[in-house]
Structure formats: C-alpha cells, structure tokens
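Colleague: Just so it is clear, I am handing over upload27.cif, which has mmCIF, C-alpha atoms and all ligand atoms.
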```cif
data_coords
loop_
_atom_site.label_atom_id
_atom_site.label_comp_id
_atom_site.auth_asym_id
_atom_site.auth_seq_id
_atom_site.Cartn_x
_atom_site.Cartn_y
_atom_site.Cartn_z
CA MET A 25 9.33 10.42 18.01
CA ASN A 26 9.71 14.11 17.47
CA PHE A 27 7.22 15.40 14.90
CA ASP A 28 8.11 19.04 15.54
CA GLU A 29 11.80 18.97 14.67
CA ASN A 30 12.47 20.53 11.30
CA ILE A 31 14.97 18.22 9.58
CA GLU A 32 16.68 19.79 6.54
CA ARG A 33 16.37 17.39 3.60
CA ARG A 34 17.22 19.67 0.72
CA ASN A 35 20.40 18.63 -1.14
CA THR A 36 20.32 15.10 0.34
CA HIS A 37 19.20 13.38 -2.93
CA SER A 38 15.67 13.40 -1.56
CA SER A 39 13.19 12.67 -4.32
CA LYS A 40 10.43 14.84 -2.96
CA TRP A 41 12.60 17.82 -2.10
CA ASP A 42 15.36 17.78 -4.69
CA MET A 43 13.26 16.66 -7.69
CA MET A 44 10.45 19.12 -7.06
CA GLU A 45 11.99 21.92 -9.11
CA PRO A 46 13.24 19.79 -12.06
CA LEU A 47 9.87 18.02 -12.36
CA TYR A 48 7.37 20.70 -11.42
CA GLY A 49 9.25 23.98 -11.57
CA VAL A 50 8.52 24.69 -7.90
CA SER A 51 11.53 25.81 -5.91
CA ALA A 52 12.41 23.77 -2.82
CA GLU A 53 13.08 27.12 -1.14
CA ASP A 54 9.39 27.90 -0.80
CA GLY A 55 7.48 24.85 -2.10
CA ILE A 56 5.90 22.14 0.02
CA PRO A 57 6.51 18.73 -1.58
CA MET A 58 3.33 16.76 -0.95
CA TRP A 59 3.61 14.61 -4.09
CA VAL A 60 5.54 11.67 -2.57
CA ALA A 61 4.55 9.63 0.50
CA ASP A 62 7.80 10.08 2.35
CA MET A 63 8.04 11.43 5.89
CA ASP A 64 10.23 14.21 7.25
CA PHE A 65 10.70 12.76 10.74
CA ARG A 66 13.03 10.08 12.01
CA PRO A 67 11.97 6.50 12.84
CA PRO A 68 11.79 5.38 16.49
CA GLN A 69 15.11 5.38 18.36
CA SER A 70 15.08 1.57 18.57
CA VAL A 71 15.15 1.41 14.76
CA GLN A 72 17.97 3.96 14.57
CA ASP A 73 19.95 2.04 17.22
CA LYS A 74 19.63 -1.28 15.40
CA LEU A 75 20.70 0.24 12.08
CA ASN A 76 23.65 1.95 13.79
CA GLU A 77 24.68 -1.41 15.29
CA VAL A 78 24.58 -3.11 11.88
CA ASN A 79 26.40 -0.19 10.28
CA HIS A 80 29.07 -0.26 12.97
CA HIS A 81 29.64 -3.97 12.36
CA GLY A 82 30.23 -2.99 8.77
CA VAL A 83 29.88 -6.28 6.88
CA TYR A 84 26.71 -6.61 4.84
CA GLY A 85 26.75 -10.27 3.77
CA TYR A 86 23.90 -12.54 2.78
CA PHE A 87 21.31 -12.73 5.53
CA GLY A 88 20.38 -16.20 6.76
CA ASN A 89 18.14 -16.71 9.77
CA ASP A 90 15.17 -14.38 9.37
CA SER A 91 13.11 -15.81 12.25
CA LEU A 92 13.23 -12.58 14.33
CA TYR A 93 11.97 -10.63 11.33
CA LEU A 94 9.11 -13.10 10.81
CA ASP A 95 8.33 -13.05 14.56
CA ALA A 96 8.10 -9.24 14.42
CA ILE A 97 5.68 -9.29 11.48
CA GLN A 98 3.50 -11.94 13.12
CA TRP A 99 3.53 -10.05 16.43
CA TRP A 100 2.58 -6.77 14.77
CA MET A 101 -0.23 -8.21 12.67
CA LYS A 102 -1.63 -10.12 15.65
CA ASN A 103 -1.43 -7.24 18.13
CA ARG A 104 -2.30 -4.37 15.84
CA HIS A 105 -4.71 -6.03 13.48
CA GLY A 106 -5.92 -9.21 15.17
CA TRP A 107 -4.62 -11.30 12.28
CA ASP A 108 -2.85 -14.62 12.88
CA VAL A 109 -0.80 -14.53 9.72
CA PRO A 110 0.81 -17.92 9.13
CA ARG A 111 4.59 -17.84 8.83
CA GLY A 112 4.46 -19.59 5.49
CA GLY A 113 2.17 -16.84 4.19
CA ILE A 114 4.83 -14.13 4.55
CA PHE A 115 6.71 -13.36 1.34
CA THR A 116 9.12 -10.44 1.16
CA THR A 117 9.43 -8.15 -1.86
CA HIS A 118 11.36 -4.97 -2.59
CA GLY A 119 8.45 -2.66 -1.93
CA LEU A 120 4.73 -3.01 -2.26
CA VAL A 121 4.49 -1.75 -5.82
CA ASN A 122 6.98 -4.42 -6.82
CA GLY A 123 4.90 -7.03 -4.94
CA THR A 124 1.76 -5.88 -6.74
CA ALA A 125 3.55 -6.08 -10.10
CA MET A 126 4.62 -9.64 -9.27
CA CYS A 127 1.00 -10.56 -8.52
CA VAL A 128 -0.18 -9.05 -11.82
CA ASP A 129 2.54 -10.91 -13.69
CA THR A 130 1.95 -14.22 -11.87
CA PHE A 131 -1.83 -14.41 -11.70
CA THR A 132 -2.93 -12.82 -14.99
CA ALA A 133 -1.91 -13.08 -18.64
CA PRO A 134 -1.13 -10.36 -21.23
CA GLY A 135 -4.37 -8.76 -22.42
CA ASP A 136 -6.27 -9.60 -19.21
CA GLY A 137 -8.15 -6.82 -17.47
CA VAL A 138 -7.21 -5.63 -13.98
CA VAL A 139 -9.81 -3.66 -12.04
CA LEU A 140 -9.02 -0.49 -10.12
CA PHE A 141 -11.49 1.50 -8.05
CA THR A 142 -10.50 4.99 -9.15
CA PRO A 143 -9.16 7.51 -8.36
CA VAL A 144 -6.41 5.46 -6.77
CA TYR A 145 -2.67 5.44 -6.12
CA HIS A 146 -1.04 5.97 -9.54
CA ALA A 147 1.54 3.17 -9.50
CA PHE A 148 -1.08 0.42 -9.83
CA ALA A 149 -1.90 1.65 -13.34
CA LYS A 150 1.79 1.83 -14.12
CA VAL A 151 2.50 -1.83 -13.28
CA ILE A 152 -0.66 -3.04 -15.04
CA ARG A 153 0.39 -1.24 -18.25
CA ALA A 154 4.01 -2.31 -17.90
CA ASN A 155 2.83 -5.94 -17.83
CA ASP A 156 0.71 -5.46 -20.99
CA ARG A 157 -2.52 -5.93 -19.05
CA GLU A 158 -5.50 -3.62 -19.46
CA ILE A 159 -6.73 -1.24 -16.76
CA ILE A 160 -10.45 -1.47 -16.03
CA GLU A 161 -11.51 1.63 -14.13
CA LEU A 162 -14.52 1.28 -11.88
CA PRO A 163 -15.10 4.78 -10.52
CA LEU A 164 -15.69 5.41 -6.84
CA VAL A 165 -18.65 7.66 -6.15
CA ASN A 166 -17.94 10.88 -4.31
CA HIS A 167 -20.80 11.35 -1.83
CA ASN A 168 -20.30 14.73 -0.19
CA GLY A 169 -16.55 14.31 -0.04
CA ARG A 170 -16.63 10.62 0.95
CA TYR A 171 -15.66 8.01 -1.63
CA GLU A 172 -17.95 4.98 -1.80
CA MET A 173 -18.24 1.93 -4.01
CA ASP A 174 -21.25 1.17 -6.22
CA PHE A 175 -21.40 -2.55 -6.87
CA ASN A 176 -24.65 -2.45 -8.84
CA ALA A 177 -22.91 -0.23 -11.41
CA TYR A 178 -19.74 -2.35 -11.24
CA ASP A 179 -21.61 -5.61 -11.94
CA GLU A 180 -23.01 -3.99 -15.08
CA ALA A 181 -19.78 -2.36 -16.22
CA LEU A 182 -17.34 -5.23 -15.73
CA PRO A 183 -15.99 -6.54 -19.06
CA ALA A 184 -15.51 -10.27 -19.63
CA HIS A 185 -11.71 -10.16 -19.73
CA ALA A 186 -11.41 -8.93 -16.10
CA ARG A 187 -9.20 -11.34 -14.11
CA MET A 188 -7.99 -9.38 -11.09
CA VAL A 189 -9.03 -6.55 -8.81
CA ILE A 190 -6.60 -4.41 -6.83
CA LEU A 191 -8.06 -2.75 -3.76
CA CYS A 192 -6.33 0.08 -1.89
CA SER A 193 -7.26 -0.35 1.78
CA PRO A 194 -7.07 2.13 3.49
CA HIS A 195 -7.68 4.14 0.37
CA ASN A 196 -5.15 6.50 -1.17
CA PRO A 197 -6.08 9.23 -2.08
CA GLY A 198 -9.60 9.14 -0.60
CA GLY A 199 -8.50 8.45 2.97
CA ARG A 200 -11.33 5.96 3.44
CA ILE A 201 -10.85 3.14 5.90
CA TRP A 202 -13.26 0.67 4.36
CA SER A 203 -15.83 -0.83 6.72
CA ILE A 204 -16.09 -4.58 7.21
CA ALA A 205 -19.33 -4.52 5.20
CA GLU A 206 -17.58 -2.76 2.29
CA LEU A 207 -14.65 -5.17 2.41
CA LYS A 208 -17.06 -8.12 2.34
CA GLN A 209 -18.72 -6.57 -0.71
CA VAL A 210 -15.37 -6.30 -2.48
CA ALA A 211 -14.59 -9.94 -1.67
CA ALA A 212 -18.05 -11.04 -2.82
CA PHE A 213 -17.64 -9.02 -6.04
CA ALA A 214 -14.30 -10.72 -6.68
CA GLU A 215 -15.76 -14.14 -6.01
CA LYS A 216 -18.84 -13.53 -8.15
CA HIS A 217 -16.76 -12.49 -11.15
CA ASN A 218 -13.94 -14.95 -10.53
CA LEU A 219 -11.34 -12.22 -9.96
CA ILE A 220 -8.11 -12.62 -8.00
CA LEU A 221 -8.28 -10.06 -5.19
CA ILE A 222 -5.15 -8.11 -4.23
CA SER A 223 -5.46 -5.88 -1.18
CA ASP A 224 -2.75 -3.24 -0.73
CA GLU A 225 -2.85 -2.42 2.99
CA ILE A 226 0.38 -0.44 3.20
CA HIS A 227 -1.37 2.38 5.08
CA HIS A 228 -2.99 0.07 7.67
CA ASP A 229 -1.33 1.82 10.60
CA ILE A 230 -2.18 5.37 9.53
CA THR A 231 -5.83 5.38 10.48
CA PHE A 232 -6.39 8.44 12.67
CA GLY A 233 -8.31 6.49 15.30
CA THR A 234 -10.55 4.46 12.96
CA LYS A 235 -10.16 0.69 13.00
CA HIS A 236 -8.66 -0.86 9.89
CA THR A 237 -9.72 -4.44 9.16
CA VAL A 238 -7.40 -6.65 7.16
CA MET A 239 -9.14 -8.25 4.18
CA GLN A 240 -8.30 -11.71 5.44
CA ASN A 241 -10.30 -11.03 8.62
CA ALA A 242 -13.17 -9.27 6.84
CA ALA A 243 -13.75 -12.10 4.38
CA PRO A 244 -11.86 -15.22 5.52
CA GLU A 245 -14.29 -17.44 3.63
CA THR A 246 -12.97 -16.14 0.30
CA ASP A 247 -9.35 -17.02 1.15
C1 LIG B 1 -1.31 2.58 -1.67
C2 LIG B 1 0.18 2.59 -1.81
N1 LIG B 1 0.81 1.44 -2.12
C3 LIG B 1 2.17 1.42 -2.25
C4 LIG B 1 2.93 2.56 -2.07
C5 LIG B 1 4.41 2.51 -2.24
O1 LIG B 1 4.92 1.32 -1.76
P1 LIG B 1 6.43 0.90 -1.98
O2 LIG B 1 7.27 2.13 -1.87
O3 LIG B 1 6.67 -0.10 -0.88
O4 LIG B 1 6.51 0.25 -3.33
C6 LIG B 1 2.30 3.78 -1.76
C7 LIG B 1 3.07 5.03 -1.59
O5 LIG B 1 2.52 6.10 -1.57
C8 LIG B 1 0.90 3.78 -1.62
O6 LIG B 1 0.24 4.92 -1.32
#
```
Do you think you could lay out the structure here as structure tokens?
Modeller:
Amino acid sequence: MNFDENIERRNTHSSKWDMMEPLYGVSAEDGIPMWVADMDFRPPQSVQDKLNEVNHHGVYGYFGNDSLYLDAIQWWMKNRHGWDVPRGGIFTTHGLVNGTAMCVDTFTAPGDGVVLFTPVYHAFAKVIRANDREIIELPLVNHNGRYEMDFNAYDEALPAHARMVILCSPHNPGGRIWSIAELKQVAAFAEKHNLILISDEIHHDITFGTKHTVMQNAAPETD
C-alpha cells in the first residue's frame, strides 16, 4: 500500500472533506479533516482487484454461499488474534455502530442504564439515547496522559438500573490497548454487577506494535 500518495478527495461526496466547511466553517482548501475515522489511502491491490472483478461482472444479486467470507474472518481472527471464533458466532451487521445499537435494543429495555467508560467514541451515546436507554458515565482517569480505569470508584458509583457495559478496546480516543489484566477487570466488573458486556474491537489491527487481546481470550470464563 502506498501511504505517501496524495489522493484528491475533495468534491467526491467525502464526508470528512466535503462536509468540513458546512459543519465547521473550515475550508477544505486549507483544513485537515481529522474528525472522521476514514483513511486517505487505497486498500490492498487484492481488494481492489476483487471489487473490479465483481463490478465488471455487473450483476449485484442476492448473495448466497458466504463460506469464503466466513473462512476469511476465522483465518484472520485465528492468525492475527489467536482466537478460534466459531462459525456460528459470526453475525454480520451494516457497521459496528449498527451492531452495537442492535445489542442495546436486544439485551436491555427502555429506561435501563448502559455504562460507558468516558471519554469514548461518541456514537455509543447516540445509540443508547436513540433506544431510550440511559447513559451511565464512568470516567476514565487520566494518569499523566494515559487513561486508566478505577474499579473501586466504579463499584461505588454504579446505579442499580445498569444492565450493560460497552467497552471500546482498543480505546478511542485514548489510544489505550487494554492489558489482559485490565480486560479481566472489566469482565469481572460486568459479572459482579450482572451487566451484559459488549466489546467494540473495531480498531484491533491498529495497534502500533502493542498486542491487542480479544475479550473472549482475556476472560473466556465469563463467556
Ligand atoms: C470505536 C469505534 N467503533 C465504531 C466505529 C464506526 O464503525 P462503523 O462505521 O462500522 O459503524 C468507529 C469509527 O470511528 C469507532 O472509532
């Protein structure tokens, strides 16, 4: 992949480039749009080639046999993250925020509390509110620029109507790749307070050399 090529995205309906001025009054001529997680480089050539092949075929009917897709997910999770994800455990949604919203809707009821370790990716709060659930903010502690969790304080602060906790792992915006010990603490906290634990691991491959551990491997006993 070429990270140095400057690909012009202005006037291509790009959210982060073309909405910057209407939303924030910053011109795309000299602004740097860092408000949306959306990359300015192309995917690997193999991805481009496959999409070109499908596009060239030109018929976009209902898709049937998804075994290659499931194989690819299982291969990736096994080889990258040491996780033997069972085939039956893979469920596809239109984006991770949508998947999180479905979990909130399915596993909690209106009025229930959903815990967020804040500050955290903004869309979690959006889907909790949209589902008429209540956000319970448990603040991360900033220790010299490093966000950490404080479970003693959280045990005290947790209200009785809490039913779910959504973890961002790795953490956006803090950049923390939670240690196995921290992940175990989150799982133990969820178990202790009878909370459904949702772990958003969308950034699991952007780790800058540190090892990400999937929650299922960190705390398999709380499956
Ligand atoms: C933690 C986190 N989850 C989810 C998303 C977005 O996921 P999707 O576009 O698949 O809904 C982002 C994008 O920045 C994110 O940072």
Colleague: What residues of the protein or nucleic acid chains come within 6 Å of ligand LIG 1 (chain B) when you use all atoms listed in the file? Reply as a list in words.
Modeller: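 Every residue with an atom at most 6 Å from ligand LIG 1 (chain B) is listed here: Ala61, Gly119, Leu120, Val121, Asn122, Tyr145, Cys192, Asn196 and Ile226 of chain A.
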Colleague: Go through range 79-142 of chain A and flag each residue having an atom no more than 9 Å from range 161-180 of chain A; for those, report the closest pair of atoms plus their distance in Å to one decimal, using all atoms listed in the file, ordered by chain and rising number, as JSON lines.
Modeller:
```
{"residue": "A:Val138", "atom": "CA", "partner": "A:Glu161", "partner_atom": "CA", "distance": 8.4}
{"residue": "A:Val139", "atom": "CA", "partner": "A:Glu161", "partner_atom": "CA", "distance": 5.9}
{"residue": "A:Leu140", "atom": "CA", "partner": "A:Glu161", "partner_atom": "CA", "distance": 5.2}
{"residue": "A:Phe141", "atom": "CA", "partner": "A:Leu162", "partner_atom": "CA", "distance": 4.9}
{"residue": "A:Thr142", "atom": "CA", "partner": "A:Pro163", "partner_atom": "CA", "distance": 4.8}
```
Colleague: Grab the CA of His37 in chain A to CA of Ile56 in chain A distance for me, in Å with one decimal place.
Modeller: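 Pair CA of His37 in chain A / CA of Ile56 in chain A returns 16.2 Å.
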Colleague: Of the candidates A:Val144, A:Val60, A:Ala205, A:Met44, which shows the shortest atom-to-atom distance to Asn241 in chain A, using all atoms listed in the file?
Modeller: A:Ala205
Colleague: Using all atoms listed in the file, which of A:Gly123, A:Ile201, A:His185, A:His118 sits nearest Gly233 in chain A?
Modeller: A:Ile201
Colleague: Using Å and a single decimal, report how far CA of Ile220 in chain A sits from CA of Phe131 in chain A.
Modeller: 7.5 Å
Colleague: Given the choices A:Arg157, A:His228, A:Arg187, A:Arg66, which gets closest to Ile31 in chain A if the distance is worked out from all atoms listed in the file?
Modeller: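 Using all atoms listed in the file, the shortest distance to Ile31 in chain A belongs to A:Arg66.
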